[in-house]
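Colleague: Take this structure first; my questions come after.
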Amino acid sequence: MNRVCPGCEAREAFLPAIAFAFQPILDLEAKRIFAFEALVRGAGGEGAGTVLAAVTPESRYSFDQACRTTAIVEAARLGLAETGALLSINFLPNAVYEPRNCLRATLSAAERTRFPLASLMFEVTEGERLDDPAHLRRVVEAYQEMGFTVAIDDFGAGHSGLSLLADFQPDVIKLDMGLVRDIEASRPRRVIVEGMVRICAELGIRLVAEGVETRAEYDALRGCGVSLFQGYLFARPEFRALPVPAYV
């Protein structure tokens, strides 16, 4: 049964003031920026934890909507689309009721700022407890039908794991940092990542290694066949700015 969004117009709810920092995801085979992830911050640059702590179940929907529209407005101001990269926006699957209705504010912000819809990527965190996994599948498939890129973040750390890929396939998977950290010294991690590279290649999914901090991690991941990277080794998030990454 489809959920009905209870008033997908703006609702009265307390929301923290938000802004965004941006961090690149690099395609190191093509030597280009694949996407910039929009990372929520307080209006004064406060960390995501501070912002998220102020979000209540009652304000979750309004917060999710505000994050989407604000990220688009800031990305448009920075000329992100002109770089050829995607804008990656995190979203809360439990805050989405009926996917197409809940996109109205997003579509309006894109139209208002002339931000191309084909440049939008939506990331869902696999670590979030899902009230209804079938609902996540409906959301992902609806977004893909509308032409958006869809990514599963923190893959390998959450509640679904590989069984999620048996039910539906996102366009992008971002490996959990627990699989990336010190991978050069861990044969089990390398075996797992090599397996994920093969699975993603078979399913037509792009694989991102996030949280890469050292050259040794990068070299090991490249040896496993990974080509998309995100992490401090390349660029730290910059508040209300698009950082210039280092290509190792």
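Chain identifiers are assigned as A, B, and so on, following the order in which chains appear in the structure tokens; residues are numbered from 1 within each chain, and ligands are numbered from 1 in order of appearance.
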Could you write out, as a VMD selection string, all the residues of segment 4-193 of chain A that DSSP marks as strand (DSSP E)?
Modeller: chain A and resid 18 to 27 32 to 42 86 to 91 120 to 125 149 to 155 172 to 175
Colleague: Which residues come within 8 Å of segment 199-214 of chain A, counting only C-alpha atoms, excluding same-chain residues fewer than 5 positions away, as a short mmCIF file (atom, residue, chain, number, x, y, z; two decimals) with all heavy atoms, in the first residue's frame?
Modeller:
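Written file, around_8.cif:
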```
data_model
loop_
_atom_site.label_atom_id
_atom_site.label_comp_id
_atom_site.auth_asym_id
_atom_site.auth_seq_id
_atom_site.Cartn_x
_atom_site.Cartn_y
_atom_site.Cartn_z
N ILE A 25 33.56 13.25 -4.58
CA ILE A 25 33.77 11.82 -4.86
C ILE A 25 34.49 11.77 -6.19
O ILE A 25 34.01 12.31 -7.19
CB ILE A 25 32.43 11.07 -4.94
CG1 ILE A 25 31.66 11.19 -3.62
CG2 ILE A 25 32.67 9.60 -5.29
CD1 ILE A 25 30.23 10.68 -3.70
N GLN A 169 18.48 -3.01 -7.10
CA GLN A 169 19.84 -2.56 -7.32
C GLN A 169 19.91 -1.03 -7.43
O GLN A 169 19.28 -0.46 -8.34
CB GLN A 169 20.41 -3.17 -8.61
CG GLN A 169 20.63 -4.67 -8.54
CD GLN A 169 19.33 -5.47 -8.64
OE1 GLN A 169 18.54 -5.24 -9.56
NE2 GLN A 169 19.10 -6.37 -7.70
N PRO A 170 20.62 -0.37 -6.52
CA PRO A 170 20.87 1.06 -6.68
C PRO A 170 21.87 1.29 -7.80
O PRO A 170 22.43 0.33 -8.36
CB PRO A 170 21.45 1.45 -5.31
CG PRO A 170 22.15 0.21 -4.86
CD PRO A 170 21.30 -0.95 -5.36
N ASP A 171 22.11 2.52 -8.12
CA ASP A 171 23.10 2.85 -9.15
C ASP A 171 24.51 2.88 -8.59
O ASP A 171 25.48 2.62 -9.30
CB ASP A 171 22.78 4.22 -9.77
CG ASP A 171 21.38 4.27 -10.35
OD1 ASP A 171 21.14 3.59 -11.36
OD2 ASP A 171 20.52 4.96 -9.76
N VAL A 172 24.61 3.22 -7.30
CA VAL A 172 25.90 3.40 -6.64
C VAL A 172 25.84 2.77 -5.26
O VAL A 172 24.82 2.87 -4.57
CB VAL A 172 26.26 4.90 -6.52
CG1 VAL A 172 27.58 5.10 -5.76
CG2 VAL A 172 26.33 5.56 -7.88
N ILE A 173 26.94 2.15 -4.84
CA ILE A 173 27.10 1.66 -3.47
C ILE A 173 28.35 2.31 -2.88
O ILE A 173 29.39 2.34 -3.53
CB ILE A 173 27.23 0.12 -3.42
CG1 ILE A 173 25.89 -0.56 -3.62
CG2 ILE A 173 27.84 -0.33 -2.09
CD1 ILE A 173 25.98 -2.06 -3.72
N LYS A 174 28.22 2.81 -1.66
CA LYS A 174 29.37 3.38 -0.96
C LYS A 174 29.73 2.43 0.19
O LYS A 174 28.94 2.21 1.10
CB LYS A 174 29.03 4.77 -0.44
CG LYS A 174 28.66 5.74 -1.55
CD LYS A 174 28.31 7.12 -1.02
CE LYS A 174 29.54 7.87 -0.58
NZ LYS A 174 29.20 9.26 -0.15
N LEU A 175 30.92 1.88 0.11
CA LEU A 175 31.37 0.94 1.14
C LEU A 175 31.48 1.62 2.49
O LEU A 175 31.96 2.75 2.59
CB LEU A 175 32.74 0.37 0.76
CG LEU A 175 32.80 -0.61 -0.41
CD1 LEU A 175 34.26 -0.91 -0.74
CD2 LEU A 175 32.05 -1.88 -0.09
N ASP A 176 31.07 0.93 3.53
CA ASP A 176 31.22 1.45 4.88
C ASP A 176 32.71 1.63 5.21
O ASP A 176 33.56 0.83 4.78
CB ASP A 176 30.59 0.49 5.88
CG ASP A 176 30.75 0.97 7.30
OD1 ASP A 176 30.15 2.01 7.64
OD2 ASP A 176 31.50 0.33 8.06
N MET A 177 33.01 2.67 5.96
CA MET A 177 34.40 2.97 6.30
C MET A 177 35.06 1.85 7.10
O MET A 177 36.29 1.73 7.11
CB MET A 177 34.48 4.29 7.05
CG MET A 177 34.28 5.50 6.16
SD MET A 177 34.64 7.07 7.00
CE MET A 177 33.19 7.19 8.07
N VAL A 180 37.05 -0.06 4.83
CA VAL A 180 38.15 0.70 4.21
C VAL A 180 39.32 0.89 5.16
O VAL A 180 40.49 0.78 4.75
CB VAL A 180 37.62 2.07 3.73
CG1 VAL A 180 38.77 2.99 3.33
CG2 VAL A 180 36.64 1.89 2.58
N ARG A 181 39.01 1.13 6.43
CA ARG A 181 40.06 1.50 7.37
C ARG A 181 41.11 0.40 7.53
O ARG A 181 40.78 -0.74 7.82
CB ARG A 181 39.45 1.84 8.74
CG ARG A 181 40.41 2.46 9.74
CD ARG A 181 40.92 3.83 9.26
NE ARG A 181 39.82 4.75 9.11
CZ ARG A 181 39.44 5.30 7.95
NH1 ARG A 181 40.11 5.01 6.84
NH2 ARG A 181 38.45 6.12 7.88
N LEU A 221 43.01 -0.42 -2.08
CA LEU A 221 41.69 -0.37 -2.72
C LEU A 221 41.81 -0.37 -4.25
O LEU A 221 41.03 -1.04 -4.94
CB LEU A 221 40.92 0.86 -2.24
CG LEU A 221 40.45 0.79 -0.79
CD1 LEU A 221 40.17 2.19 -0.25
CD2 LEU A 221 39.20 -0.09 -0.68
N VAL A 226 38.85 -0.93 -7.13
CA VAL A 226 37.99 0.23 -6.88
C VAL A 226 38.49 1.42 -7.69
O VAL A 226 39.70 1.65 -7.79
CB VAL A 226 37.97 0.57 -5.37
CG1 VAL A 226 37.12 1.80 -5.10
CG2 VAL A 226 37.45 -0.62 -4.57
N SER A 227 37.56 2.20 -8.23
CA SER A 227 37.97 3.38 -9.02
C SER A 227 37.35 4.68 -8.51
O SER A 227 37.80 5.76 -8.89
CB SER A 227 37.61 3.19 -10.50
OG SER A 227 36.21 3.02 -10.66
N LEU A 228 36.29 4.61 -7.68
CA LEU A 228 35.66 5.82 -7.15
C LEU A 228 36.03 5.96 -5.68
O LEU A 228 35.89 5.01 -4.90
CB LEU A 228 34.13 5.75 -7.30
CG LEU A 228 33.57 5.71 -8.72
CD1 LEU A 228 32.05 5.63 -8.68
CD2 LEU A 228 34.01 6.92 -9.53
N PHE A 229 36.46 7.18 -5.29
CA PHE A 229 37.01 7.40 -3.96
C PHE A 229 36.49 8.69 -3.35
O PHE A 229 36.25 9.68 -4.04
CB PHE A 229 38.54 7.46 -4.01
CG PHE A 229 39.20 6.17 -4.37
CD1 PHE A 229 39.37 5.81 -5.70
CD2 PHE A 229 39.64 5.29 -3.39
CE1 PHE A 229 39.98 4.62 -6.05
CE2 PHE A 229 40.25 4.09 -3.72
CZ PHE A 229 40.41 3.75 -5.05
N GLN A 230 36.39 8.66 -2.02
CA GLN A 230 36.03 9.85 -1.24
C GLN A 230 36.77 9.78 0.08
O GLN A 230 36.86 8.71 0.69
CB GLN A 230 34.52 9.89 -1.00
CG GLN A 230 34.01 11.11 -0.24
CD GLN A 230 32.50 11.09 -0.09
OE1 GLN A 230 31.84 10.09 -0.35
NE2 GLN A 230 31.92 12.19 0.35
N GLY A 231 37.30 10.90 0.53
CA GLY A 231 37.97 10.87 1.82
C GLY A 231 38.95 12.01 1.99
O GLY A 231 39.25 12.76 1.05
N TYR A 232 39.50 12.12 3.20
CA TYR A 232 40.41 13.20 3.54
C TYR A 232 41.70 13.15 2.72
O TYR A 232 42.37 14.17 2.57
CB TYR A 232 40.77 13.14 5.02
CG TYR A 232 39.65 13.57 5.96
CD1 TYR A 232 39.83 13.51 7.35
CD2 TYR A 232 38.44 14.05 5.48
CE1 TYR A 232 38.82 13.91 8.22
CE2 TYR A 232 37.43 14.44 6.34
CZ TYR A 232 37.63 14.36 7.71
OH TYR A 232 36.63 14.76 8.57
N LEU A 233 42.07 11.98 2.21
CA LEU A 233 43.28 11.90 1.39
C LEU A 233 43.17 12.79 0.16
O LEU A 233 44.17 13.31 -0.33
CB LEU A 233 43.52 10.44 0.97
CG LEU A 233 44.76 10.18 0.10
CD1 LEU A 233 46.05 10.51 0.86
CD2 LEU A 233 44.78 8.72 -0.37
#
```
Colleague: Nearest to Ala53 of chain A: which of A:Met196, A:Leu15, A:Ala81, A:Leu117 is it, counting only C-alpha atoms?
Modeller: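 Closest to Ala53 of chain A of all the choices is A:Leu15.
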Colleague: For segment 69-101 of chain A versus segment 137-143 of chain A, which residues have an atom no more than 8 Å away, and what is each residue's nearest atom pair and distance in Å rounded to one decimal, using only C-alpha atoms, chain-then-number order, as a tab-separated table?
Modeller:
```
residue	atom	partner	partner_atom	distance
A:Pro93	CA	A:Val139	CA	7.6
A:Val96	CA	A:Val139	CA	7.7
A:Glu98	CA	A:Val139	CA	7.9
A:Pro99	CA	A:Val139	CA	5.6
A:Arg100	CA	A:Ala142	CA	7.3
```
Colleague: Residues within 7 Å of segment 89-92 of chain A, please, as a list of chain:residue names. Count only C-alpha atoms; anything in the same chain fewer than 3 positions from it doesn't count.
Modeller: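 So, after excluding close chain neighbours, the residues are A:Glu37, A:Ala38, A:Asp64, A:Arg68, A:Ala95, A:Val96, A:Met121, A:Phe122, A:Glu123, A:Val124.
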Colleague: To one decimal in Å, tell me the separation between atom CA of Thr106 of chain A and atom CA of Leu87 of chain A.
Modeller: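 Result for atom CA of Thr106 of chain A versus atom CA of Leu87 of chain A: 12.7 Å, one decimal.
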Colleague: List the spatial neighbours of Cys67 of chain A as a list in words - criterion: any atom at most 8 Å away, only C-alpha atoms, same-chain residues fewer than 3 positions off excluded.
Modeller: Ile18, Val40, Phe63, Asp64, Thr70, Ala71 and Ile89 of chain A
Colleague: Can you pull out the residues contacting Leu179 of chain A? Cut-off 9 Å, using only C-alpha atoms, and skip same-chain residues under 5 positions away; I want them as a VMD selection string.
Modeller: chain A and resid 156 189 to 190 192 to 193 209
Colleague: For the residues in that selection, give me C-alpha atoms as an mmCIF file, in the first residue's frame.
Modeller:
```cif
data_model
loop_
_atom_site.group_PDB
_atom_site.id
_atom_site.type_symbol
_atom_site.label_atom_id
_atom_site.label_comp_id
_atom_site.auth_asym_id
_atom_site.auth_seq_id
_atom_site.Cartn_x
_atom_site.Cartn_y
_atom_site.Cartn_z
ATOM 1 C CA GLY A 156 27.989 -3.339 4.908
ATOM 2 C CA ARG A 189 38.773 -6.799 4.202
ATOM 3 C CA ARG A 190 40.559 -7.047 0.848
ATOM 4 C CA ILE A 192 35.399 -8.773 0.879
ATOM 5 C CA VAL A 193 36.051 -5.634 -1.163
ATOM 6 C CA ALA A 209 35.276 3.635 -1.239
#
```
Colleague: Between A:Pro116, A:Gly42, A:Ser186, A:Phe22, which one has atoms that come closest to Gly84 of chain A, using only C-alpha atoms?
Modeller: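 Closest residue, counting only C-alpha atoms: A:Pro116.
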Colleague: One number please: atom CA of Ala54 of chain A to atom CA of Pro16 of chain A, in Å, one decimal.
Modeller: 6.4 Å
Colleague: Hey, what does DSSP flag as helix (DSSP H, G or I) within segment 118-235 of chain A? Can you give it to me as JSON, numbers by chain?
Modeller: {"A": [118, 119, 133, 134, 135, 136, 137, 138, 139, 140, 141, 142, 143, 144, 145, 162, 163, 164, 165, 166, 167, 177, 178, 179, 180, 183, 184, 185, 187, 188, 189, 190, 191, 192, 193, 194, 195, 196, 197, 198, 199, 200, 201, 202, 203, 215, 216, 217, 218, 219, 220, 221, 222, 223, 224]}
Colleague: Give me the residues within 9 Å of Phe234 of chain A as a ChimeraX atom specification, counting only C-alpha atoms and dropping any in the same chain fewer than 6 places off.
Modeller: /A:24-26,212-213,244-248
Colleague: Could you tell me how far atom CA of Arg41 of chain A lies from atom CA of Val55 of chain A, in Å and to one decimal?
Modeller: 12.9 Å
